[in-house]
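File shown here: start.cif, holding mmCIF, C-alpha atoms and all ligand atoms.
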data_protein
loop_
_atom_site.label_atom_id
_atom_site.label_comp_id
_atom_site.auth_asym_id
_atom_site.auth_seq_id
_atom_site.Cartn_x
_atom_site.Cartn_y
_atom_site.Cartn_z
CA MET A 1 58.61 119.63 -56.08
CA GLN A 2 58.56 122.10 -53.16
CA ARG A 3 60.35 125.41 -53.64
CA ILE A 4 62.91 126.52 -51.05
CA PHE A 5 64.13 130.05 -50.47
CA SER A 6 66.79 131.13 -48.00
CA GLY A 7 69.19 134.03 -47.66
CA ILE A 8 72.38 135.11 -45.97
CA GLN A 9 73.56 138.66 -45.41
CA PRO A 10 76.90 139.64 -47.01
CA SER A 11 77.63 141.63 -43.86
CA GLY A 12 80.91 139.83 -43.16
CA VAL A 13 82.52 136.45 -43.64
CA PRO A 14 80.06 133.60 -42.89
CA THR A 15 80.71 131.79 -39.62
CA LEU A 16 80.49 128.27 -38.32
CA GLY A 17 77.10 129.40 -36.92
CA ASN A 18 75.85 130.24 -40.41
CA TYR A 19 77.22 126.92 -41.64
CA LEU A 20 75.71 124.65 -38.97
CA GLY A 21 72.48 126.66 -38.65
CA ALA A 22 71.82 127.21 -42.34
CA ILE A 23 74.35 126.52 -45.12
CA ARG A 24 74.82 122.82 -44.37
CA ASN A 25 71.06 122.39 -44.48
CA TRP A 26 70.89 124.34 -47.76
CA VAL A 27 73.30 121.87 -49.33
CA SER A 28 71.40 118.76 -48.29
CA LEU A 29 68.01 120.18 -49.29
CA GLN A 30 69.19 120.52 -52.88
CA ASP A 31 68.17 116.91 -53.46
CA GLY A 32 64.41 116.79 -53.83
CA HIS A 33 63.70 120.55 -53.84
CA GLU A 34 63.91 123.49 -56.20
CA CYS A 35 66.19 125.89 -54.29
CA LEU A 36 66.77 129.62 -54.49
CA TYR A 37 69.66 130.86 -52.35
CA CYS A 38 70.18 134.57 -52.03
CA LEU A 39 72.93 136.92 -50.85
CA VAL A 40 70.68 139.44 -49.18
CA ASP A 41 72.55 142.69 -49.77
CA LEU A 42 69.39 144.80 -49.24
CA HIS A 43 69.24 143.34 -45.74
CA ALA A 44 72.97 143.89 -45.21
CA ILE A 45 72.70 147.69 -45.57
CA THR A 46 70.19 147.89 -42.71
CA THR A 47 73.41 148.34 -40.72
CA TRP A 48 76.32 150.36 -42.13
CA GLN A 49 78.37 148.61 -44.83
CA ASP A 50 81.37 150.13 -46.55
CA PRO A 51 80.40 150.03 -50.28
CA ALA A 52 83.69 148.55 -51.54
CA GLU A 53 83.67 145.99 -48.70
CA LEU A 54 80.06 145.02 -49.48
CA ARG A 55 81.03 144.09 -53.04
CA VAL A 56 84.00 142.04 -51.79
CA GLN A 57 81.87 140.33 -49.12
CA THR A 58 79.14 139.49 -51.61
CA ARG A 59 81.67 137.73 -53.84
CA THR A 60 83.32 136.05 -50.86
CA GLN A 61 79.98 134.67 -49.72
CA ALA A 62 79.19 133.41 -53.20
CA ALA A 63 82.56 131.61 -53.22
CA ILE A 64 81.96 130.11 -49.77
CA LEU A 65 78.51 128.85 -50.73
CA LEU A 66 79.88 127.22 -53.87
CA ALA A 67 82.77 125.74 -51.87
CA SER A 68 80.25 124.37 -49.34
CA GLY A 69 78.42 122.49 -52.09
CA ILE A 70 75.72 124.82 -53.42
CA ASP A 71 75.08 123.93 -57.07
CA PRO A 72 74.36 127.12 -59.08
CA VAL A 73 73.38 125.18 -62.18
CA ARG A 74 70.68 122.89 -60.81
CA HIS A 75 69.58 125.63 -58.38
CA VAL A 76 69.67 129.43 -58.26
CA LEU A 77 72.27 131.56 -56.46
CA PHE A 78 72.02 135.35 -56.79
CA ASN A 79 72.18 138.66 -54.96
CA GLN A 80 68.96 140.24 -53.79
CA SER A 81 69.41 143.80 -55.10
CA ALA A 82 69.67 142.44 -58.67
CA VAL A 83 66.00 141.36 -58.58
CA SER A 84 63.70 144.37 -58.07
CA ALA A 85 60.71 142.19 -57.11
CA HIS A 86 62.07 141.91 -53.54
CA ALA A 87 61.95 145.64 -52.83
CA ARG A 88 58.59 146.11 -54.58
CA LEU A 89 56.86 143.36 -52.62
CA ALA A 90 58.54 144.53 -49.40
CA TRP A 91 56.89 147.92 -49.82
CA ILE A 92 53.46 146.29 -50.12
CA PHE A 93 54.24 144.22 -47.02
CA ASN A 94 55.32 147.38 -45.15
CA CYS A 95 51.73 148.48 -45.66
CA VAL A 96 50.25 145.12 -44.59
CA ALA A 97 52.35 144.41 -41.45
CA ARG A 98 51.34 146.19 -38.26
CA ILE A 99 53.75 148.22 -36.15
CA GLY A 100 52.69 146.17 -33.10
CA TRP A 101 53.92 143.01 -34.85
CA LEU A 102 57.31 144.54 -35.61
CA ASN A 103 57.64 145.82 -32.04
CA ARG A 104 57.71 142.21 -30.84
CA MET A 105 60.72 141.19 -32.98
CA THR A 106 63.60 140.28 -30.69
CA GLN A 107 66.25 140.54 -33.42
CA PHE A 108 65.51 144.25 -33.85
CA LYS A 109 65.93 144.74 -30.11
CA ASP A 110 69.23 142.80 -30.14
CA LYS A 111 70.66 144.53 -33.21
CA ALA A 112 69.45 148.05 -32.43
CA GLY A 113 70.97 147.83 -28.96
CA LYS A 114 70.25 150.49 -26.36
CA ASP A 115 69.92 153.44 -28.75
CA ARG A 116 66.86 152.29 -30.74
CA GLU A 117 66.09 155.79 -31.97
CA ALA A 118 69.40 155.76 -33.86
CA ALA A 119 68.73 152.43 -35.67
CA SER A 120 67.88 152.62 -39.37
CA ALA A 121 64.23 152.40 -40.42
CA GLY A 122 65.39 149.53 -42.65
CA LEU A 123 66.48 147.50 -39.64
CA TYR A 124 63.00 147.94 -38.15
CA VAL A 125 61.18 146.71 -41.29
CA TYR A 126 63.80 143.99 -41.99
CA PRO A 127 61.24 141.19 -41.30
CA ASN A 128 58.87 142.61 -43.94
CA LEU A 129 61.64 142.43 -46.55
CA MET A 130 62.43 138.88 -45.44
CA ALA A 131 58.75 137.96 -45.89
CA ALA A 132 58.88 139.48 -49.38
CA ASP A 133 62.03 137.49 -50.24
CA ILE A 134 60.18 134.25 -49.61
CA HIS A 135 56.71 135.13 -50.88
CA ALA A 136 58.03 136.65 -54.12
CA TYR A 137 58.80 133.07 -55.17
CA HIS A 138 55.79 131.36 -53.57
CA ALA A 139 58.41 129.32 -51.69
CA THR A 140 56.97 127.01 -49.02
CA ARG A 141 60.04 125.79 -47.10
CA VAL A 142 62.71 128.00 -45.56
CA PRO A 143 65.87 126.51 -44.03
CA VAL A 144 67.07 128.86 -41.25
CA GLY A 145 68.75 128.82 -37.86
CA ASP A 146 66.64 128.95 -34.72
CA ASP A 147 67.17 132.74 -34.43
CA GLN A 148 64.99 133.33 -37.51
CA ARG A 149 61.87 131.40 -36.38
CA GLN A 150 60.11 134.52 -35.16
CA HIS A 151 60.61 136.27 -38.50
CA LEU A 152 59.10 133.30 -40.33
CA GLU A 153 56.03 133.39 -38.11
CA LEU A 154 55.67 137.04 -39.03
CA ALA A 155 56.03 136.18 -42.73
CA ASN A 156 53.06 133.82 -42.33
CA ASP A 157 51.05 136.49 -40.49
CA ILE A 158 51.73 138.97 -43.29
CA ALA A 159 50.67 136.48 -45.98
CA GLN A 160 47.47 135.64 -44.11
CA LYS A 161 46.57 139.29 -43.64
CA PHE A 162 47.30 140.06 -47.31
CA ASN A 163 45.10 137.13 -48.41
CA HIS A 164 42.36 138.15 -45.98
CA ASP A 165 42.41 141.91 -46.72
CA TYR A 166 42.31 141.43 -50.49
CA GLY A 167 40.02 138.38 -50.43
CA VAL A 168 42.47 136.13 -52.27
CA ASP A 169 44.31 132.88 -51.65
CA PHE A 170 47.55 134.11 -53.17
CA PHE A 171 50.46 133.65 -50.76
CA PRO A 172 50.94 130.09 -49.40
CA ALA A 173 51.90 129.17 -45.83
CA ILE A 174 55.62 128.68 -45.26
CA GLU A 175 57.41 126.21 -43.04
CA ALA A 176 60.72 126.77 -41.24
CA VAL A 177 63.27 123.97 -41.67
CA VAL A 178 65.51 124.24 -38.59
CA PRO A 179 68.35 121.74 -38.04
CA PRO A 180 67.99 119.60 -34.89
CA GLN A 181 71.54 120.11 -33.57
CA ALA A 182 73.35 123.46 -33.19
CA ALA A 183 70.39 125.40 -34.53
CA ARG A 184 71.94 128.25 -32.56
CA VAL A 185 75.74 128.34 -32.25
CA MET A 186 76.91 130.73 -29.57
CA SER A 187 79.86 133.13 -29.39
CA LEU A 188 83.19 131.62 -28.31
CA ARG A 189 83.64 134.57 -25.94
CA ASP A 190 80.15 134.68 -24.39
CA GLY A 191 77.82 131.67 -24.26
CA SER A 192 74.75 133.90 -23.95
CA ARG A 193 75.23 135.65 -27.33
CA LYS A 194 74.89 133.97 -30.70
CA MET A 195 77.96 133.62 -32.91
CA SER A 196 77.68 136.46 -35.44
CA LYS A 197 79.71 137.46 -38.46
CA SER A 198 79.41 141.13 -37.46
CA ASP A 199 80.58 140.65 -33.84
CA PRO A 200 83.45 143.12 -33.35
CA SER A 201 85.62 140.36 -31.84
CA ASP A 202 87.15 137.99 -34.40
CA GLN A 203 87.92 135.65 -31.48
CA SER A 204 84.17 135.20 -30.88
CA ARG A 205 83.65 133.19 -34.06
CA ILE A 206 85.07 130.67 -36.50
CA ASN A 207 85.03 132.25 -39.96
CA LEU A 208 84.54 129.95 -42.93
CA THR A 209 87.79 131.44 -44.28
CA ASP A 210 89.86 130.46 -41.21
CA ASP A 211 92.70 127.96 -41.63
CA ALA A 212 93.41 125.07 -39.25
CA ASP A 213 95.86 127.12 -37.13
CA ALA A 214 93.42 129.99 -36.64
CA ILE A 215 90.67 127.53 -35.73
CA ALA A 216 92.86 125.73 -33.17
CA GLN A 217 93.91 129.03 -31.62
CA LYS A 218 90.34 130.38 -31.37
CA ILE A 219 89.01 127.18 -29.80
CA ARG A 220 91.96 127.01 -27.39
CA ARG A 221 91.12 130.56 -26.25
CA ALA A 222 87.34 129.99 -26.17
CA ARG A 223 85.87 130.95 -22.84
CA THR A 224 85.04 127.96 -20.61
CA ASP A 225 84.76 127.16 -16.91
CA ALA A 226 87.25 125.10 -14.91
CA GLU A 227 85.14 121.95 -14.43
CA PRO A 228 85.58 118.82 -16.56
CA LEU A 229 82.73 117.90 -18.93
CA PRO A 230 79.78 116.11 -17.30
CA SER A 231 78.72 112.68 -18.50
CA GLU A 232 75.06 113.66 -18.78
CA GLU A 233 73.21 116.62 -20.25
CA ASP A 234 71.85 117.80 -16.88
CA GLY A 235 75.43 118.64 -15.92
CA LEU A 236 75.53 121.37 -18.58
CA VAL A 237 72.85 123.46 -16.84
CA GLY A 238 74.33 126.87 -15.99
CA ARG A 239 77.37 126.20 -18.20
CA PRO A 240 76.48 127.90 -21.51
CA GLU A 241 80.04 127.96 -22.87
CA ALA A 242 80.57 124.26 -22.19
CA ARG A 243 77.16 123.47 -23.72
CA ASN A 244 78.06 125.47 -26.82
CA LEU A 245 81.32 123.58 -27.48
CA VAL A 246 79.63 120.22 -26.91
CA SER A 247 76.72 121.22 -29.20
CA ILE A 248 79.15 122.20 -31.95
CA LEU A 249 80.82 118.80 -31.80
CA ALA A 250 77.40 117.11 -31.72
CA ALA A 251 76.33 118.97 -34.86
CA LEU A 252 79.58 118.32 -36.69
CA THR A 253 79.42 114.60 -35.96
CA ASP A 254 75.62 114.28 -36.42
CA ARG A 255 75.15 113.08 -32.87
CA SER A 256 73.06 114.22 -29.91
CA VAL A 257 74.60 116.21 -27.05
CA SER A 258 74.14 113.20 -24.76
CA ALA A 259 76.00 110.94 -27.20
CA VAL A 260 78.94 113.38 -27.21
CA LEU A 261 78.92 113.54 -23.41
CA ALA A 262 78.80 109.75 -23.20
CA GLU A 263 82.15 109.74 -25.05
CA HIS A 264 83.81 112.89 -23.65
CA GLY A 265 82.28 113.14 -20.14
CA GLY A 266 84.97 113.51 -17.49
CA GLN A 267 87.45 115.13 -19.90
CA GLY A 268 88.92 118.54 -19.10
CA PHE A 269 88.88 121.25 -21.77
CA GLY A 270 92.62 120.75 -22.30
CA VAL A 271 91.75 117.41 -23.92
CA PHE A 272 88.33 118.24 -25.37
CA LYS A 273 89.26 121.49 -27.13
CA PRO A 274 91.97 120.03 -29.42
CA ALA A 275 89.61 117.17 -30.39
CA LEU A 276 86.91 119.72 -31.24
CA ALA A 277 89.35 121.95 -33.15
CA GLU A 278 90.40 119.01 -35.29
CA ARG A 279 86.76 118.27 -36.22
CA VAL A 280 86.00 121.92 -36.98
CA ALA A 281 89.12 122.24 -39.14
CA ALA A 282 88.24 119.07 -41.05
CA VAL A 283 85.02 120.77 -42.18
CA VAL A 284 86.04 124.42 -42.45
CA ALA A 285 89.59 124.29 -43.85
CA PRO A 286 88.63 122.60 -47.18
CA ILE A 287 85.77 125.12 -47.67
CA ALA A 288 88.18 128.00 -47.00
CA ALA A 289 90.75 126.61 -49.45
CA GLU A 290 88.21 126.08 -52.24
CA ALA A 291 86.69 129.54 -51.67
CA ARG A 292 90.16 131.11 -52.00
CA ARG A 293 90.63 129.29 -55.30
CA LEU A 294 87.25 130.52 -56.62
CA LEU A 295 88.00 134.09 -55.55
CA ASP A 296 90.98 134.12 -57.93
CA ASP A 297 88.42 134.54 -60.75
CA PRO A 298 85.99 137.28 -59.62
CA ALA A 299 84.63 137.80 -63.16
CA HIS A 300 83.42 134.20 -63.19
CA LEU A 301 81.66 134.64 -59.82
CA ASP A 302 80.00 137.88 -61.00
CA ALA A 303 78.77 136.21 -64.20
CA MET A 304 77.39 133.28 -62.20
CA LEU A 305 75.47 135.69 -59.91
CA ARG A 306 74.09 137.63 -62.92
CA ASP A 307 72.86 134.38 -64.45
CA GLY A 308 71.24 133.44 -61.10
CA ALA A 309 69.54 136.85 -60.88
CA ALA A 310 68.06 136.49 -64.38
CA ARG A 311 66.63 133.07 -63.48
CA ALA A 312 65.32 134.32 -60.11
CA ASN A 313 63.72 137.31 -61.82
CA ALA A 314 61.90 135.04 -64.27
CA ILE A 315 60.18 133.34 -61.30
CA ALA A 316 59.52 136.37 -59.09
CA GLU A 317 58.42 138.93 -61.69
CA PRO A 318 55.04 137.36 -62.61
CA ILE A 319 54.25 136.65 -58.94
CA VAL A 320 55.00 140.18 -57.79
CA ARG A 321 53.20 141.71 -60.80
CA GLU A 322 50.14 139.70 -59.80
CA ALA A 323 50.47 140.95 -56.19
CA GLU A 324 50.67 144.52 -57.56
CA HIS A 325 47.55 143.87 -59.63
CA ILE A 326 45.69 142.47 -56.59
CA VAL A 327 46.60 145.62 -54.63
CA GLY A 328 45.19 147.77 -57.45
CA PHE A 329 48.25 149.26 -59.10
CA LEU A 330 47.51 150.42 -62.66
CA ARG A 331 49.81 149.09 -65.39
N1 LIG B 401 74.96 131.58 -34.48
C1 LIG B 401 74.14 130.98 -35.33
N2 LIG B 401 73.74 129.71 -35.12
C2 LIG B 401 72.90 129.09 -36.01
N3 LIG B 401 72.45 129.67 -37.12
C3 LIG B 401 72.83 130.94 -37.38
N4 LIG B 401 72.56 131.78 -38.38
C4 LIG B 401 73.18 132.95 -38.16
N5 LIG B 401 73.88 132.89 -37.03
C5 LIG B 401 73.67 131.65 -36.51
C6 LIG B 401 71.72 131.44 -39.53
O1 LIG B 401 72.45 131.80 -40.69
C7 LIG B 401 71.53 132.20 -41.70
C8 LIG B 401 72.02 133.46 -42.36
O2 LIG B 401 72.05 134.48 -41.40
P1 LIG B 401 72.10 135.98 -41.87
O3 LIG B 401 73.42 136.29 -42.40
O4 LIG B 401 71.00 136.26 -42.82
O5 LIG B 401 71.74 136.83 -40.62
P2 LIG B 401 72.02 136.67 -39.12
O6 LIG B 401 71.10 135.63 -38.54
O7 LIG B 401 71.90 138.04 -38.54
O8 LIG B 401 73.50 136.13 -39.05
P3 LIG B 401 74.75 136.79 -38.39
O9 LIG B 401 75.92 135.93 -38.69
O10 LIG B 401 74.48 137.12 -36.97
O11 LIG B 401 74.88 138.10 -39.25
P4 LIG B 401 75.09 139.58 -38.79
O12 LIG B 401 76.22 139.55 -37.82
O13 LIG B 401 75.41 140.34 -40.03
O14 LIG B 401 73.81 140.04 -38.17
C9 LIG B 401 70.15 132.36 -41.03
O15 LIG B 401 69.35 131.26 -41.41
C10 LIG B 401 70.47 132.30 -39.57
O16 LIG B 401 69.42 131.69 -38.85
#

Please express the file's structure as structure tokens.
Amino acid sequence: MQRIFSGIQPSGVPTLGNYLGAIRNWVSLQDGHECLYCLVDLHAITTWQDPAELRVQTRTQAAILLASGIDPVRHVLFNQSAVSAHARLAWIFNCVARIGWLNRMTQFKDKAGKDREAASAGLYVYPNLMAADIHAYHATRVPVGDDQRQHLELANDIAQKFNHDYGVDFFPAIEAVVPPQAARVMSLRDGSRKMSKSDPSDQSRINLTDDADAIAQKIRRARTDAEPLPSEEDGLVGRPEARNLVSILAALTDRSVSAVLAEHGGQGFGVFKPALAERVAAVVAPIAAEARRLLDDPAHLDAMLRDGAARANAIAEPIVREAEHIVGFLR
């Protein structure tokens, strides 16, 4: 059975983008794979996180993942900092990856913004830690949104260089599993930016804790143009906000963009937006309600994460010890 690893940063409340780009895929891959799903708190602190908030967000994410259908008994759900193998292998990878490779990473450029000199060193080497997350488990399949493809290519480059430099065949190749529809959900306020849980504007995203009223209000206020929807995909060229809303509905209903346009083409946003809001609420509101119920018992969530970390550690520890041995560390 192939092993899957994927992570999500507890840097805020997960969004509809996280759900359609990653979490939904995580749930369906549970059948037929051995899955490790990780709340990547080491990644989260590459940008400032209030310590008390980080603990709350980590629990909230655990609750949302459970409410979305992640099974912590058949599979493994844990937080990254509880398994030291991640940080140890990341250090080795910091010494394998080349600065030129990291300089090409577009996510660093996006997240660091204009003042790159002021970004944390952790944000710069973020892709090396992500490579370590996956390779510490010898995972071979990684379900991610489209925005993470470049990092996965880097993770393969690092593994190849490690194997080549040390003359071993130790780290396997990994394959990105990217969903066909809505692999990249965009902001509701700006169709050129991806929907992000850390966007300062709450109106830019649907949080997986939003109720039906909040969802309807955010979609009603979502930025759009004045034209009705086209009947064919060509008509969405130059209309990123319209394309985003149509893509969201396509993903939620497991249809192509053209199939959605075949049904809704010609409609104005006054008609389309309420139909979309209803679909979004049908998926998000039950997750939000179940997550709220689970958050009433934080001790249970913490115990579940500790159990996950112990099981993750049992897999990663021998692999990372072997990597340390290959590198020449004396034990
Ligand atoms: N807008 C998106 N559309 C599709 N997929 C997305 N993902 C994130 N945003 C979108 C996918 O969600 C998974 C977990 O992401 P992450 O939390 O590890 O980091 P991120 O990609 O940086 O997500 P955010 O929401 O933008 O977080 P912040 O704001 O903290 O930086 C990944 O598989 C990602 O592809």

Atomic distance atom C7 of ligand LIG 401 (chain B) - atom CA of Pro318 of chain A, expressed in Å with one decimal:
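That distance, rounded to one decimal, is 27.1 Å.
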
Within 9 Å of ligand LIG 401 (chain B) (counting all atoms listed in the file), which residues show up? I'd like them as a ChimeraX atom specification.
/A:6-23,39-40,43-44,47,107,111,142-149,178-179,182-187,193-199,205

For a cutoff of 7 Å around the file-coordinate point (85.1, 115.5, -18.3), which residues qualify once you count all atoms listed in the file? I'd like the result as an MDAnalysis selection string.
chainID A and resid 228:231 264:268

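Those residues that approach Ala155 of chain A to within 9 Å, counting all atoms listed in the file, are Pro127, Asn128, Met130, Ala131, Ala132, Ile134, His135, Ala173 and Ile174 of chain A; same-chain residues fewer than 6 positions away are not listed.
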
Anything within 9 Å of (88.8, 128.5, -43.7): list those residues as a list in words, counting all atoms listed in the file and sticking to the file's coordinates.
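So the residues meeting the distance criterion are Ile206, Asn207, Leu208, Thr209, Asp210, Asp211, Ala212, Ala214, Ile215, Ala281, Val283, Val284, Ala285, Pro286, Ile287, Ala288, Ala289, Glu290, Ala291 and Arg292 of chain A.
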
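Going from atom CA of Pro172 of chain A over to atom CA of Leu89 of chain A, you cover 14.9 Å.
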
If I take atom CA of Ser201 of chain A and atom CA of Ala277 of chain A, how far is one from the other in Å, to one decimal?
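It comes out at 18.8 Å.
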
Counting all atoms listed in the file, the residue of A:Gln217, A:Ser192, A:Ser258, A:Gln30 that sits nearest Gly238 of chain A:
A:Ser192

Padded axis-aligned box of segment 212-230 of chain A (8 Å per side), centre and edge lengths, Å, one decimal, as AutoDock Vina command-line options:
--center_x 87.8 --center_y 123.5 --center_z -26.8 --size_x 32.1 --size_y 30.8 --size_z 40.8

Using only C-alpha atoms, can you tell me which of A:Arg221, A:Lys161, A:Lys109, A:Arg293 comes closest to Tyr124 of chain A?
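For Tyr124 of chain A, the nearest of the candidates is A:Lys109.
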
Please, which residues in segment 279-309 of chain A fall within 8 Å of segment 72-76 of chain A when counting only C-alpha atoms, and what is the closest atom pair and distance in Å to one decimal for each, ordered by chain then residue number, as a tab-separated table?
residue	atom	partner	partner_atom	distance
A:Met304	CA	A:Pro72	CA	7.5
A:Gly308	CA	A:Val76	CA	5.2
A:Ala309	CA	A:Val76	CA	7.9

Same residues, C-alpha atoms, output as a short mmCIF file (atom, residue, chain, number, x, y, z; two decimals), keeping the file's coordinate frame:
data_model
loop_
_atom_site.label_atom_id
_atom_site.label_comp_id
_atom_site.auth_asym_id
_atom_site.auth_seq_id
_atom_site.Cartn_x
_atom_site.Cartn_y
_atom_site.Cartn_z
CA MET A 304 77.39 133.28 -62.20
CA GLY A 308 71.24 133.44 -61.10
CA ALA A 309 69.54 136.85 -60.88
#

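Considering the residues A:Leu295, A:Phe93, A:Arg220, A:Asp190 and counting all atoms listed in the file, Phe171 of chain A has its shortest atom-to-atom contact with A:Phe93.
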